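Q: Got a structure for you, written out below as structure tokens; questions coming shortly.
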Amino acid sequence: MKENIDLPQGTLDLLILRTLALGPQHGWGISERVQQISSDVLRIQQGSLYPAVHRLERRGWIKAHWGTSQNNRRAKYYELTKKGHKHLEAEQDIWKKLTAAVAQVLGTA
Amino acid sequence: MLTDLLFRLRALFRAKAVDRELDEELRFHLERQILKYLDSGLTRDQAERRVRMEFGGLAQVKEECRDARGINLLETFLRDLCYGLRTLRQSPGFTSVAMVTLALGIGATTAIFSVVYAVLLRPLPYKDPGALVVLNETTPKVGLVSVSYPNFLDWRAQSHAFTQMAIVHNDEFNLAGIDQPEDVSGCAVSPNFLAMLGVRPLLGRDFDASEEKPGTRPVVLLSYHLWQSHFGGDHNAIGRSITLNGRAFTIIGVLPAHYVSMEKTDVIEPIGVWATNNPEASDRGERGDTVVIGRLAAGTTFSQARAEMQSIAARLAQTYPAANDQFGVALQPIRDAFAGNLRPAILVLFGAVVIVLLIACGNVANLFLMRSTSRAKEIAVRLTMGAGRGRIVSQMLVESFLLAFSGGVLGLALAAGGIQGIVRLIPSDTQAASNLSLNGVVLLFAAGLVILSAFVFGLSPALHSAKADVQSELKESGRSVTLTRDQNRWRGILVMAEISLALVLLIGAGLMMKSLYRLVAVDPGFQPDHVLTMELGLRTAQYEKPAAILNFWQQVLERVRPLPGVEAAALGSGVPLADEHSRTDITIEGMALPKPGSFPHPDVHIVSPGYVRTLGVPLLRGRAFMDADNESAPLVAIINAMLAERFFHGQNPIGRRIMFGRFSANVAPKWRTIVGVAADTKMYGLSNPARFEVYVPVRQSVASHMNLLVKSRNDPAALTSAIRIVIASIDKDQPVYGITTMSQLERDSVSTQRTTLILLALFSTLALLLAAIGVYGVISYSVAQRTHEIGIRMALGAGSREVLRMVIAQGARIAAAGILIGMVASLGLMRLLANQLFSVSATDPPTFTVVAAVLAFTALLACYIPARRTVRVDPMIALRHE
């Protein structure tokens with residue numbers, strides 16, 4: 001099994017929002033997508049995925065509706081709201097700056 | 001923010017649906033994951049097991065989702081509430097004891113707070129009352145005195161600190177022309193007075209500026225009460241006339257129902273009416289019964305205003321030394337003028353009830369601690385099942401809140417009853433009496449008390465419970481669970497604190513009791529028994545001439561004296577303790593003439609013959625007045641012992657002479673010969689020192705307002721109606737008022753002290769009782785815990801005496817520490833009480849000793865009872881106790 005990396009604080013929200021920016025998705029889909037895109041490095045614990053999703057919904061960054069999944073099951077789909085888009089952009093900026101800065105520091109050390 | 005709230009509300013009110021959706025969502029996830037593993041070639045069993053392992057506790061995830069959705073806060077509160085109600089119902093003994101204890105504390109505190117609010121906090125019904133200031137003149141000889149009208153006019157003209165200033169001249173009127181003549185209270189005011197207060201007449205008009213000038217038409221505003229009682233609230237009363245002092249006044253308006261003033265007010269006339277043909281209005285040295293009220297200019301502070309007024313007063317004292325020498329000015333916020341001398345007593349009582357409440361909270365906290373041991377296992381189980389410690393604390397707090405709430409509701413009922421009791425204790429004519437009620441502010445205060453006390457008694461037991469060591473609690477299965485050493489110590493400290501608080505209260509009550517005892521033992525300088533007193537004011541035109549007045553007084557005495565049961569009757573202008581007085585400067589023949597402000601300034605009693613005998617004032621030297629001391633006889637006077645002592649230095653003053661006013665070479669002096677010396681009487685309350693007094697016969701110094709004093713052989717009040725008939729037979733329009741007995745006046749003069757004492761005694765008894773219950777609770781619990789140990793001791797040969805001593809020693813240590821702390825605290829705190837005490841030191845050693853002994857005895861008794869029970873137990877039973 002490949003080595004998984006624990007997610008730093010606060011990045012889970014960012015990952016969920018980024019994933020949903022690609023289109024509506026249900027909970028399982030979100031975790032699968034993250035895992036796929038990160039080439040299996042990032043694995044979201046289901047135990048933390050759902051509380052995070054519900055928290056984002058409460059904040060009004062994503063909204064939910066019931067739809068039908070590919071295999072014809074009722075599933076709860078989440079999609080990004082306008083507010084969520086804005087928040088994601090802002091957070092992405094911050095993240096980029098942060099990682100660049102951290103990389104710079106690590107690079108010079 | 002709004003979406004957040006809507007979201008939470010949906011979560012709360014559609015909790016079932018939301019829960020179902022959550023279930024479905026998670027189930028979908030699990031199935032999808034299983035499917036994935038099946039695809040990768042696992043068997044169904046393997047896939048399911050793997051998913052379960054990955055996912056962790058499903059219940060926990062759901063709980064966290066609920067948290068994330070914000071349901072939990074409210075939902076758990078409601079759940080805790082139901083749970084709390086259930087547990088409290090399950091232990092009715094605990095619940096009712098705790099509830100009653102809290103109800104006593106909260107009820108007493110709420111009742112006293114209603115007094116605090118009514119007297120000290122309630123906003124006065126004026127516009128911006130914070131800017132209103134009451135101004136008096138002061139003199140070192142008397143203290144606060146009234147303001148003379150010319151001085152008021154100068155103050156108003158010269159001050160800039162006040163945007164407005166108005167004088168209020170309190171007066172009484174004979175209201176006649178109705179079935180029974182009566183005396184009504186009223187005042188003459190500057191026309192801007194009501195407007196300055198922000199009071200508008202309910203009906204009719206306010207005074208206008210022109211009504212300040214003497215000679216203005218007699219008009220009057222009626223109080224709402226008088227308008228209701230005499231005009232039935234008739235709107236046509238405006239424009240009609242009313243007969244005051246035999247004169248017709250036109251009613252121009254009615255005051256609003258909520259109007260209040262420092263004195264009882266039935267009618268108000270403009271100051272111009274008072275000033276008409278009134279020499280007082282232009283006499284700077286004449287200070288009647290007045291007070292000045294001013295409104296501070298915006299941005300002017302109280303102390304700026306005081307500084308300005310003091311310099312104005314100093315200037316006036318220099319310009320008019322004859323009238324103003326040594327006269328200054330005193331300012332006080334209108335709130336203080338309303339509260340009068342009640343403030344310290346009220347604050348003392350409020351402090352007392354807060355102590356009672358604290359002790360009550362201490363007891364309830366103790367009960368909670370005790371109960372928490374029996375619940376320790378329940379809590380340990382809940383902790384192992386995954387309940388957070390925060391949840392346990394909040395649940396315990398919800399329980400204490402429930403208890404405090406129900407105690408508070410019961411307490412409010414007690415407070416409602418208590419307020420009725422307090423109303424009966426305080427004089428009915430004070431503003432406070434009419435304002436005492438459980439109003440919104442008082443209810444809010446009670447609610448605050450509930451929350452506060454829930455924390456005070458609930459927090460520490462709650463934290464203790466949550467600290468419980470799960471391992472050891474569960475291991476001790478089967479054995480009765482006991483308080484940890486830590487908790488035992490905590491309970492001891494609580495009880496110790498209760499004892500020291502109770503001691504503080506008891507010492508306060510003890511000091512007040514001793515003080516009141518000394519106060520009523522003070523010799524008032526007269527014999528109040530069986531003496532009836534009533535007031536008569538001759539104010540109508542027919543009594544303008546002195547002869548008419550003297551004739552009236554003569555007739556009164558001649559017709560009252562023969563009434564059956566009358567032993568003696570006399571008239572006097574200023575009865576001791578009755579709060580009326582007339583003072584004037586005198587000159588003693590041959591004295592070195594002092595500065596104008598330093599002449600002796602005695603109280604003057606204008607009396608009829610028989611006065612000292614009727615009132616029982618001891619005559620120390622010389623003779624009393626006789627009928628022969630009349631207008632054609634040489635002028636005579638009687639002085640009191642203090643005046644004789646100070647100015648005649650032990651020599652016999654009989655035959656020496658004094659005169660009213662200050663001696664001046666330009667005016668022929670009217671000397672009066674001293675014919676007697678009477679004992680000092682307490683004019684201004686039993687606790688106040690005596691002042692100089694001079695008596696003169698009424699025939700030589702006519703007075704139109706007198707008190708009729710009647711000494712009876714039987715119940716003096718029984719004479720009232722007979723005397724009324726006599727007065728009516730002389731003048732049917734003459735009201736008789738202020739009817740009371742001298743004994744009653746004496747009692748009333750200490751009513752504040754007595755009321756304070758009664759309430760303080762009540763609260764300290766309550767405190768003592770609660771503290772004793774606290775000691776009893778701690779000792780009996782600890783004894784019950786140690787039954788096994790005691791059994792062993794007794795089996796090994798310890799006598800019941802030794803065991804008794806051991807148990808009592810435990811309580812004695814707590815009590816001794818509590819008493820010691822209470823003593824030290826009292827030494828400091830009683831200083832706050834010092835100004836309430838009369839001839840008792842705030843650190844009176846006998847009181848401290850006796851009270852400490854009483855408390856120690858009570859505490860030991862509370863130990864003895866449970867200890868006694870223990871030693872009676874058969875050692876065998878004690879050993880098998882576990």
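Just remember, in the structure tokens the first chain shown is A, the second B, etc., residues are 1-based per chain, and ligands are 1-based in the order shown.
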Give me, as a Markdown table, each residue of chain A that comes within 6 Å of chain B, together with its shortest interatomic pair and the distance in Å at one decimal, counting only C-alpha atoms, with rows ordered by chain and rising residue number.
A:
```
| residue | atom | partner | partner_atom | distance |
| --- | --- | --- | --- | --- |
| A:Trp28 | CA | B:His29 | CA | 5.3 |
| A:Gln46 | CA | B:Phe55 | CA | 5.7 |
| A:Gly47 | CA | B:Val61 | CA | 5.5 |
| A:Pro51 | CA | B:Cys65 | CA | 4.3 |
| A:His54 | CA | B:Arg69 | CA | 5.8 |
| A:Arg55 | CA | B:Ala68 | CA | 4.9 |
| A:Arg58 | CA | B:Asp4 | CA | 5.7 |
```
Q: Hey, can you spit out that residue selection with C-alpha atoms as a short mmCIF file (atom, residue, chain, number, x, y, z; two decimals), in the first residue's frame?
A:
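This is the output file out.cif:
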```cif
data_model
loop_
_atom_site.label_atom_id
_atom_site.label_comp_id
_atom_site.auth_asym_id
_atom_site.auth_seq_id
_atom_site.Cartn_x
_atom_site.Cartn_y
_atom_site.Cartn_z
CA TRP A 28 -18.32 9.16 -1.80
CA GLN A 46 -14.78 9.19 5.94
CA GLY A 47 -15.14 10.08 9.59
CA PRO A 51 -18.81 16.56 9.28
CA HIS A 54 -22.13 19.52 6.61
CA ARG A 55 -20.14 22.36 8.08
CA ARG A 58 -24.04 25.41 7.01
#
```
Q: Show which residues sit within 12 Å of Gln332 of chain B, as a ChimeraX atom specification. Count only C-alpha atoms, and ignore same-chain residues fewer than 3 positions away.
A: /B:130-137,144,291-296,302-303,305-306,329,335-340
Q: Could you name the residues that touch segment 830-834 of chain B at 9 Å or less, counting only C-alpha atoms, but leaving out those on the same chain fewer than 2 positions away, as a short mmCIF file (atom, residue, chain, number, x, y, z; two decimals) with C-alpha atoms, in the first residue's frame?
A:
```cif
data_model
loop_
_atom_site.label_atom_id
_atom_site.label_comp_id
_atom_site.auth_asym_id
_atom_site.auth_seq_id
_atom_site.Cartn_x
_atom_site.Cartn_y
_atom_site.Cartn_z
CA PRO B 344 -27.60 53.50 54.78
CA ALA B 345 -30.26 51.33 56.43
CA VAL B 348 -27.16 47.39 55.28
CA VAL B 504 -21.14 38.63 60.45
CA ILE B 507 -23.06 40.48 65.02
CA GLY B 508 -24.71 43.15 62.89
CA LEU B 511 -25.19 45.57 67.51
CA MET B 512 -28.42 46.99 66.11
CA ALA B 825 -14.41 40.07 58.82
CA SER B 826 -16.88 41.67 61.22
CA LEU B 827 -14.23 43.94 62.69
CA GLY B 828 -13.87 45.45 59.24
CA GLN B 836 -26.57 53.36 62.17
CA LEU B 837 -25.52 52.68 65.74
CA PHE B 838 -26.41 54.77 68.76
CA VAL B 840 -22.68 51.31 70.78
CA SER B 841 -19.24 50.85 69.31
CA ALA B 842 -19.11 49.00 65.98
CA THR B 843 -16.64 46.61 67.62
#
```
Q: Which neighbours of Val119 of chain B fall inside 9 Å, counting only C-alpha atoms, when residues of the same chain fewer than 2 positions from it are skipped, and could you give them as a list of chain:residue names?
A: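 Here the qualifying residues turn out to be B:Ser114, B:Val115, B:Val116, B:Tyr117, B:Leu121, B:Arg122, B:Arg335, B:Phe338, B:Ala339, B:Leu342, B:Arg343, B:Ile346, B:Gln431, B:Ala432, B:Asn435, B:Leu436.
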Q: Could you give me the residues within segment 138-361 of chain B that DSSP places in alpha helix (DSSP H), as a PyMOL selection string?
A: chain B and resi 149-158+193-197+224-231+271-275+302-319+321-324+334-339+342-361
Q: Find, counting only C-alpha atoms, the residue in A:Gln92, A:Gln104, A:Gln25, A:Ser39 that gets nearest to Tyr77 of chain A.
A: A:Gln25
Q: Find the residues near segment 13-19 of chain A: any atom within 7 Å, counting only C-alpha atoms, skip ones fewer than 6 places away on the same chain, and give them as a short mmCIF file (atom, residue, chain, number, x, y, z; two decimals) with C-alpha atoms, in the first residue's frame.
A:
```cif
data_model
loop_
_atom_site.label_atom_id
_atom_site.label_comp_id
_atom_site.auth_asym_id
_atom_site.auth_seq_id
_atom_site.Cartn_x
_atom_site.Cartn_y
_atom_site.Cartn_z
CA ILE A 30 -15.69 13.58 -3.42
CA VAL A 34 -9.52 13.53 -4.22
CA ALA A 52 -16.75 18.81 7.00
CA LEU A 80 -20.58 24.94 -5.07
CA LEU A 88 -12.50 28.96 -2.87
#
```
Q: Which of these residues is nearest to Gly60 of chain A, using only C-alpha atoms: A:Thr81, A:Ser31, A:Thr99, A:Thr108?
A: A:Thr81
